[in-house]
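Visitor: Let me give you the structure first, and then I'll get to my questions.
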Amino acid sequence: MPTPFEYLQSLNRLVHEPARLAILVALSACDKADFLFLLNITGLTKGNLSSHLSKLEQAGLVEIEKKFEGKTPVTYIKLTLQGKEALKEYWKSVDKVRAGIRHLKPLRAD
Amino acid sequence: MQDIRRIAFVSQRYLELQGIGPALCGAGMILGALVVHLAGDASIPAPFIPLLFGGMLEGNVRPYLQRSYQRSFGSAVATRGQQWTAMLPLLLMMMGGLADITFQFVGHFAPSVAAVALAATSSMVVFMDGRCRMHHVIGVVAGVAAAIVTTIIPHSFGAWGSIGPARGEAYVLAYTLVGLGLLATGLLDHHLLASLMRPADPAAVAWTAAAARARIPGRATFAMLFSFCVGGVAWAVDGGTVAVALPALIIVSGALARAGGSIGDLRLAFRAFSRCERPPVLNAVNLDVPADALVAFYVIAAAAAVDSALFPHRVPLALMASTASMTAWLVVRDWPERRHYALVPVAAMLSLAIGLTLDPSRAFAMFVSAISAALAVAWIVAARTAPRSA
């Protein structure tokens with residue numbers, strides 16, 4: 001059986017990064033969200049958010065849609081099926097790490 | 001992990017936390033109850049006017065509010081289930097109101113269904129979200145109190161099959177309580193949303209302010225038109241008619257303001273197209289409302305409820321005095337930013353002084369007219385003096 005540290009190593013690095021995890025969690029709790037909403041909720045700067053979204057889009061985890069609503073340009077971001085699966089897998093791995101850590105016993109000095 | 005929980009909670013409950021809509025519905029119900037008391041003997045089923053006021057105010061303002069939330073915090077498209085959950089409390093309450101009307105006219109004795117609906121939906125929120133939205137206990141208490149008030153007064157009929165005066169008063173009091181509950185929970189939901197969101201990008205806020213400066217805002221046009229309409233009607237007809245005509249005046253002024261705003265938009269859009277530029281932005285305010293303004297709004301609405309419940313058929317002194325004192329407090333607290341609003345407490349104090357010599361409904365109409373005019377002037381001045389740098 002793999003140790004918690006092996007599970008920790010197997011965590012998806014793309015999802016594990018805090019800013020990207022925040023974006024994915026925000027998107028997983030709704031149908032889709034616009035750039036301003038993600039900016040407000042994550043507290044990232046525009047440049048930072050944009051760069052993280054590009055990485056997630058390249059990995060196929062999110063889908064970016066640009067359109068006009070009335071007279072205003074809006075950028076909508078949606079979690080793809082692959083993104084949903086990746087997040088689900090990530091939480092499963094984290095749960096395994098936590099469960100494994102609970103069973104660890106501290107080493108005795110003698 | 002706490003931050004991740006916060007993000008998941010806000011994304012999931014984004015529509016439900018947009019509390020200004022329900023708060024306005026509650027404020028409309030309190031206003032309606034006050035108007036019923038000032039109008040005296042109305043020819044329409046007066047006890048249900050608060051429901052009409054609340055529904056109408058929320059319904060009219062909803063599209064504008066949605067734009068404002070979108071501009072302030074961004075847009076998260078909710079799933080079908082989330083949309084239903086967000087819509088359910090107000091929908092059930094309005095359906096409960098219709099059931100109330102039906103039960104009263106067929107002579108069926110039952111507690112207010114609207115109040116029971118509020119208590120039930122608020123209990124559901126407390127059960128689902130627990131500590132995060134514990135303030136919905138206020139809604140449970142208000143709903144239960146309103147249901148008790150309508151249960152202890154027996155059913156009676158007035159002239160022409162209308163509801164008897166005692167039962168009618170019980171319903172007006174019940175809707176005032178329901179309105180207070182909605183107002184408190186709505187404002188606290190909005191405050192929770194604003195505090196859970198990070199502050200909006202300063203550049204975007206400055207850009208919005210610069211866009212607002214480019215023209216007279218729609219809300220200023222609405223306030224000015226409303227002030228003229230109420231003032232004109234109050235001058236021409238008797239007090240009872242003024243109070244009953246207020247809902248119609250809100251609709252007429254809103255429609256005229258929208259039409260006026262559209263003409264302005266068209267003109268700006270034509271100019272933008274001729275210069276090959278992007279058309280102007282939608283007219284919406286920033287809803288990142290500071291906590292002290294929310295407190296002032298609640299105190300003023302609570303004073304109106306006190307006037308309606310404890311001193312019916314008298315000049316609404318508590319409402320006038322609280323408006324004067326709370327707006328003066330807001331202006332003094334942040335003088336450089338809010339100095340334009342100094343006209344509002346002055347208008348409230350003047351209408352309080354003059355209102356004592358008039359009949360209650362005329363005094364109320366004059367107060368509404370004076371405050372609307374003062375707000376319109378303040379908004380126009382604020383828009384003209386907004387910072388130029390975007």
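Labels for the structure tokens follow display order: chains A, B, ..., residues from 1 in each chain, ligands from 1.
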Could you write out as a ChimeraX atom specification the residues of chain A within 12 Å of chain B, counting only C-alpha atoms?
Guide: /A:18-46,68-78,94
Visitor: Please identify which residues in chain A DSSP calls helix (DSSP H, G or I) from the backbone, and express them as JSON, numbers by chain.
Guide: {"A": [4, 5, 6, 7, 8, 9, 13, 14, 15, 16, 18, 19, 20, 21, 22, 23, 24, 25, 26, 27, 28, 35, 36, 37, 38, 39, 40, 41, 42, 46, 47, 48, 49, 50, 51, 52, 53, 54, 55, 56, 57, 58, 81, 82, 83, 84, 85, 86, 87, 88, 89, 90, 91, 92, 93, 94, 95, 96, 97, 98, 99, 100, 101, 102, 103]}
Visitor: Need the shell around range 132-148 of chain B: protein/DNA/RNA residues with any atom at most 10 Å away, counting only C-alpha atoms. Skip same-chain ones fewer than 4 positions apart. Format as JSON, numbers by chain?
Guide: {"B": [9, 17, 110, 111, 112, 113, 114, 115, 116, 117, 118, 119, 120, 121, 122, 123, 124, 125, 126, 127, 128, 152, 153, 170, 171, 172, 173, 174, 175, 176, 177, 178, 179, 180, 181, 182, 183, 184, 185, 186, 188, 189, 192]}
Visitor: Please write the residues from the selection above to a file, keeping C-alpha atoms, as an mmCIF file, in the first residue's frame.
Guide:
data_model
loop_
_atom_site.group_PDB
_atom_site.id
_atom_site.type_symbol
_atom_site.label_atom_id
_atom_site.label_comp_id
_atom_site.auth_asym_id
_atom_site.auth_seq_id
_atom_site.Cartn_x
_atom_site.Cartn_y
_atom_site.Cartn_z
ATOM 1 C CA PHE B 9 -19.562 28.884 -0.511
ATOM 2 C CA LEU B 17 -26.551 36.206 -1.268
ATOM 3 C CA ALA B 110 -56.021 30.588 8.651
ATOM 4 C CA PRO B 111 -52.716 32.175 9.688
ATOM 5 C CA SER B 112 -51.015 34.291 7.013
ATOM 6 C CA VAL B 113 -49.574 31.841 4.471
ATOM 7 C CA ALA B 114 -47.002 34.468 3.367
ATOM 8 C CA ALA B 115 -45.694 34.642 6.962
ATOM 9 C CA VAL B 116 -45.563 30.852 7.237
ATOM 10 C CA ALA B 117 -43.684 30.738 3.900
ATOM 11 C CA LEU B 118 -41.102 33.236 5.198
ATOM 12 C CA ALA B 119 -40.620 31.246 8.422
ATOM 13 C CA ALA B 120 -40.296 27.972 6.482
ATOM 14 C CA THR B 121 -37.807 29.241 3.875
ATOM 15 C CA SER B 122 -35.702 31.011 6.521
ATOM 16 C CA SER B 123 -35.639 27.831 8.634
ATOM 17 C CA MET B 124 -34.479 25.937 5.558
ATOM 18 C CA VAL B 125 -31.599 28.414 5.045
ATOM 19 C CA VAL B 126 -30.539 28.132 8.720
ATOM 20 C CA PHE B 127 -30.720 24.335 8.465
ATOM 21 C CA MET B 128 -28.681 24.198 5.218
ATOM 22 C CA ILE B 152 -55.249 35.557 17.257
ATOM 23 C CA ILE B 153 -57.682 37.952 15.490
ATOM 24 C CA ALA B 170 -53.767 42.330 11.849
ATOM 25 C CA TYR B 171 -52.763 41.666 8.236
ATOM 26 C CA VAL B 172 -51.095 45.069 7.854
ATOM 27 C CA LEU B 173 -49.113 44.426 11.061
ATOM 28 C CA ALA B 174 -48.226 40.904 9.880
ATOM 29 C CA TYR B 175 -46.922 42.201 6.534
ATOM 30 C CA THR B 176 -44.949 44.901 8.350
ATOM 31 C CA LEU B 177 -43.267 42.165 10.416
ATOM 32 C CA VAL B 178 -42.635 40.055 7.309
ATOM 33 C CA GLY B 179 -41.192 43.151 5.590
ATOM 34 C CA LEU B 180 -38.859 43.815 8.525
ATOM 35 C CA GLY B 181 -37.710 40.183 8.457
ATOM 36 C CA LEU B 182 -37.035 40.287 4.710
ATOM 37 C CA LEU B 183 -35.256 43.626 5.021
ATOM 38 C CA ALA B 184 -32.942 42.457 7.813
ATOM 39 C CA THR B 185 -32.062 39.098 6.228
ATOM 40 C CA GLY B 186 -31.605 40.669 2.779
ATOM 41 C CA LEU B 188 -27.245 40.910 6.103
ATOM 42 C CA ASP B 189 -26.991 38.534 3.116
ATOM 43 C CA LEU B 192 -22.016 38.781 3.924
#
Visitor: Using only C-alpha atoms, which residue out of B:Leu319, B:Gln18, B:Gly232, B:His191 lies closest to Ala305 in chain B?
Guide: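 When distances to Ala305 in chain B are compared using only C-alpha atoms, the smallest one comes from B:Leu319.
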Visitor: Taking into account only C-alpha atoms, which residue in the set A:Lys67, A:Ser54, A:Leu8, A:Val62 is nearest to Lys84 in chain A?
Guide: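 Of A:Lys67, A:Ser54, A:Leu8, A:Val62, the one nearest Lys84 in chain A, counting only C-alpha atoms, is A:Val62.
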Visitor: Give me the residues within 9 Å of Ser308 in chain B as an MDAnalysis selection string, counting only C-alpha atoms and dropping any in the same chain fewer than 4 places off.
Guide: chainID B and resid 30:31 33:38 172:173 176 303:304 312:314 316
Visitor: Figure out the distance between CA of Val377 in chain B and CA of Tyr341 in chain B, please, to one decimal in Å.
Guide: 8.6 Å
Visitor: With only C-alpha atoms as the counted atoms, please give the residues lying no more than 12 Å from Ala321 in chain B, apart from itself and same-chain residues fewer than 4 positions off, as a list in words.
Guide: Val299, Ile300, Ala301, Ala303, Ala304, Asp307, Val315, Pro316, Leu317, Ser325, Met326, Thr327, Ala328, Val344, Pro345, Val346, Ala347, Ala348, Met349, Leu350, Ser351, Leu352, Ala353, Gly355 and Phe367 of chain B
Visitor: Record the distance separating CA of Leu91 in chain B and CA of Arg67 in chain B, expressed in Å with one decimal.
Guide: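 Taking CA of Leu91 in chain B as the start and CA of Arg67 in chain B as the end point, the length is 21.0 Å.
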Visitor: Would you list, as a list in words, the residues of chain A that end up in strand (DSSP E) under DSSP run on this structure's backbone?
Guide: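 In chain A, DSSP puts these residues in strand (DSSP E): Lys32, Ala33, Asp34, Val62, Glu63, Ile64, Glu65, Lys66, Lys67, Phe68, Glu69, Thr72, Pro73, Val74, Thr75, Tyr76, Ile77, Lys78 and Leu79 of chain A.
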Visitor: Any chance you could export the current selection's N, CA and C atoms as a JSON list (two decimals), in the first residue's frame?
Guide:
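Saved result, result_32.json, follows:
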[["chain", "number", "residue", "atom", "x", "y", "z"],
["A", 32, "LYS", "N", -20.93, 28.54, -14.91],
["A", 32, "LYS", "CA", -19.76, 29.24, -15.46],
["A", 32, "LYS", "C", -19.65, 30.60, -14.77],
["A", 33, "ALA", "N", -18.49, 31.21, -14.87],
["A", 33, "ALA", "CA", -18.29, 32.51, -14.20],
["A", 33, "ALA", "C", -17.51, 33.43, -15.11],
["A", 34, "ASP", "N", -17.69, 34.74, -14.92],
["A", 34, "ASP", "CA", -16.94, 35.67, -15.77],
["A", 34, "ASP", "C", -15.61, 36.07, -15.10],
["A", 62, "VAL", "N", -10.26, 24.03, -18.38],
["A", 62, "VAL", "CA", -11.32, 25.05, -18.48],
["A", 62, "VAL", "C", -11.51, 25.45, -19.95],
["A", 63, "GLU", "N", -12.68, 26.07, -20.17],
["A", 63, "GLU", "CA", -13.03, 26.50, -21.53],
["A", 63, "GLU", "C", -13.28, 28.00, -21.44],
["A", 64, "ILE", "N", -12.65, 28.80, -22.30],
["A", 64, "ILE", "CA", -12.83, 30.26, -22.23],
["A", 64, "ILE", "C", -13.66, 30.72, -23.41],
["A", 65, "GLU", "N", -14.71, 31.50, -23.08],
["A", 65, "GLU", "CA", -15.64, 31.95, -24.13],
["A", 65, "GLU", "C", -15.73, 33.47, -24.05],
["A", 66, "LYS", "N", -15.44, 34.15, -25.16],
["A", 66, "LYS", "CA", -15.52, 35.63, -25.16],
["A", 66, "LYS", "C", -16.72, 36.04, -26.00],
["A", 67, "LYS", "N", -17.57, 36.91, -25.41],
["A", 67, "LYS", "CA", -18.74, 37.34, -26.17],
["A", 67, "LYS", "C", -19.20, 38.72, -25.70],
["A", 68, "PHE", "N", -20.19, 39.29, -26.41],
["A", 68, "PHE", "CA", -20.77, 40.57, -26.03],
["A", 68, "PHE", "C", -22.12, 40.33, -25.38],
["A", 69, "GLU", "N", -22.35, 40.99, -24.23],
["A", 69, "GLU", "CA", -23.66, 40.94, -23.61],
["A", 69, "GLU", "C", -24.23, 42.33, -23.73],
["A", 72, "THR", "N", -21.58, 45.23, -23.70],
["A", 72, "THR", "CA", -20.38, 44.99, -22.88],
["A", 72, "THR", "C", -19.67, 43.69, -23.27],
["A", 73, "PRO", "N", -18.34, 43.73, -23.46],
["A", 73, "PRO", "CA", -17.62, 42.48, -23.72],
["A", 73, "PRO", "C", -17.44, 41.69, -22.42],
["A", 74, "VAL", "N", -17.76, 40.41, -22.46],
["A", 74, "VAL", "CA", -17.65, 39.56, -21.26],
["A", 74, "VAL", "C", -16.85, 38.29, -21.59],
["A", 75, "THR", "N", -15.97, 37.90, -20.66],
["A", 75, "THR", "CA", -15.23, 36.65, -20.83],
["A", 75, "THR", "C", -15.76, 35.64, -19.82],
["A", 76, "TYR", "N", -16.35, 34.57, -20.33],
["A", 76, "TYR", "CA", -16.87, 33.53, -19.44],
["A", 76, "TYR", "C", -15.90, 32.35, -19.39],
["A", 77, "ILE", "N", -15.75, 31.78, -18.20],
["A", 77, "ILE", "CA", -14.87, 30.64, -18.04],
["A", 77, "ILE", "C", -15.70, 29.48, -17.48],
["A", 78, "LYS", "N", -15.55, 28.31, -18.11],
["A", 78, "LYS", "CA", -16.35, 27.15, -17.69],
["A", 78, "LYS", "C", -15.43, 25.96, -17.45],
["A", 79, "LEU", "N", -15.75, 25.18, -16.44],
["A", 79, "LEU", "CA", -14.97, 23.97, -16.15],
["A", 79, "LEU", "C", -15.36, 22.89, -17.16]]
Visitor: To one decimal place in Å, what is the distance between CA of Gly81 in chain B and CA of Cys25 in chain B?
Guide: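 One can read the CA of Gly81 in chain B to CA of Cys25 in chain B distance as 22.8 Å.
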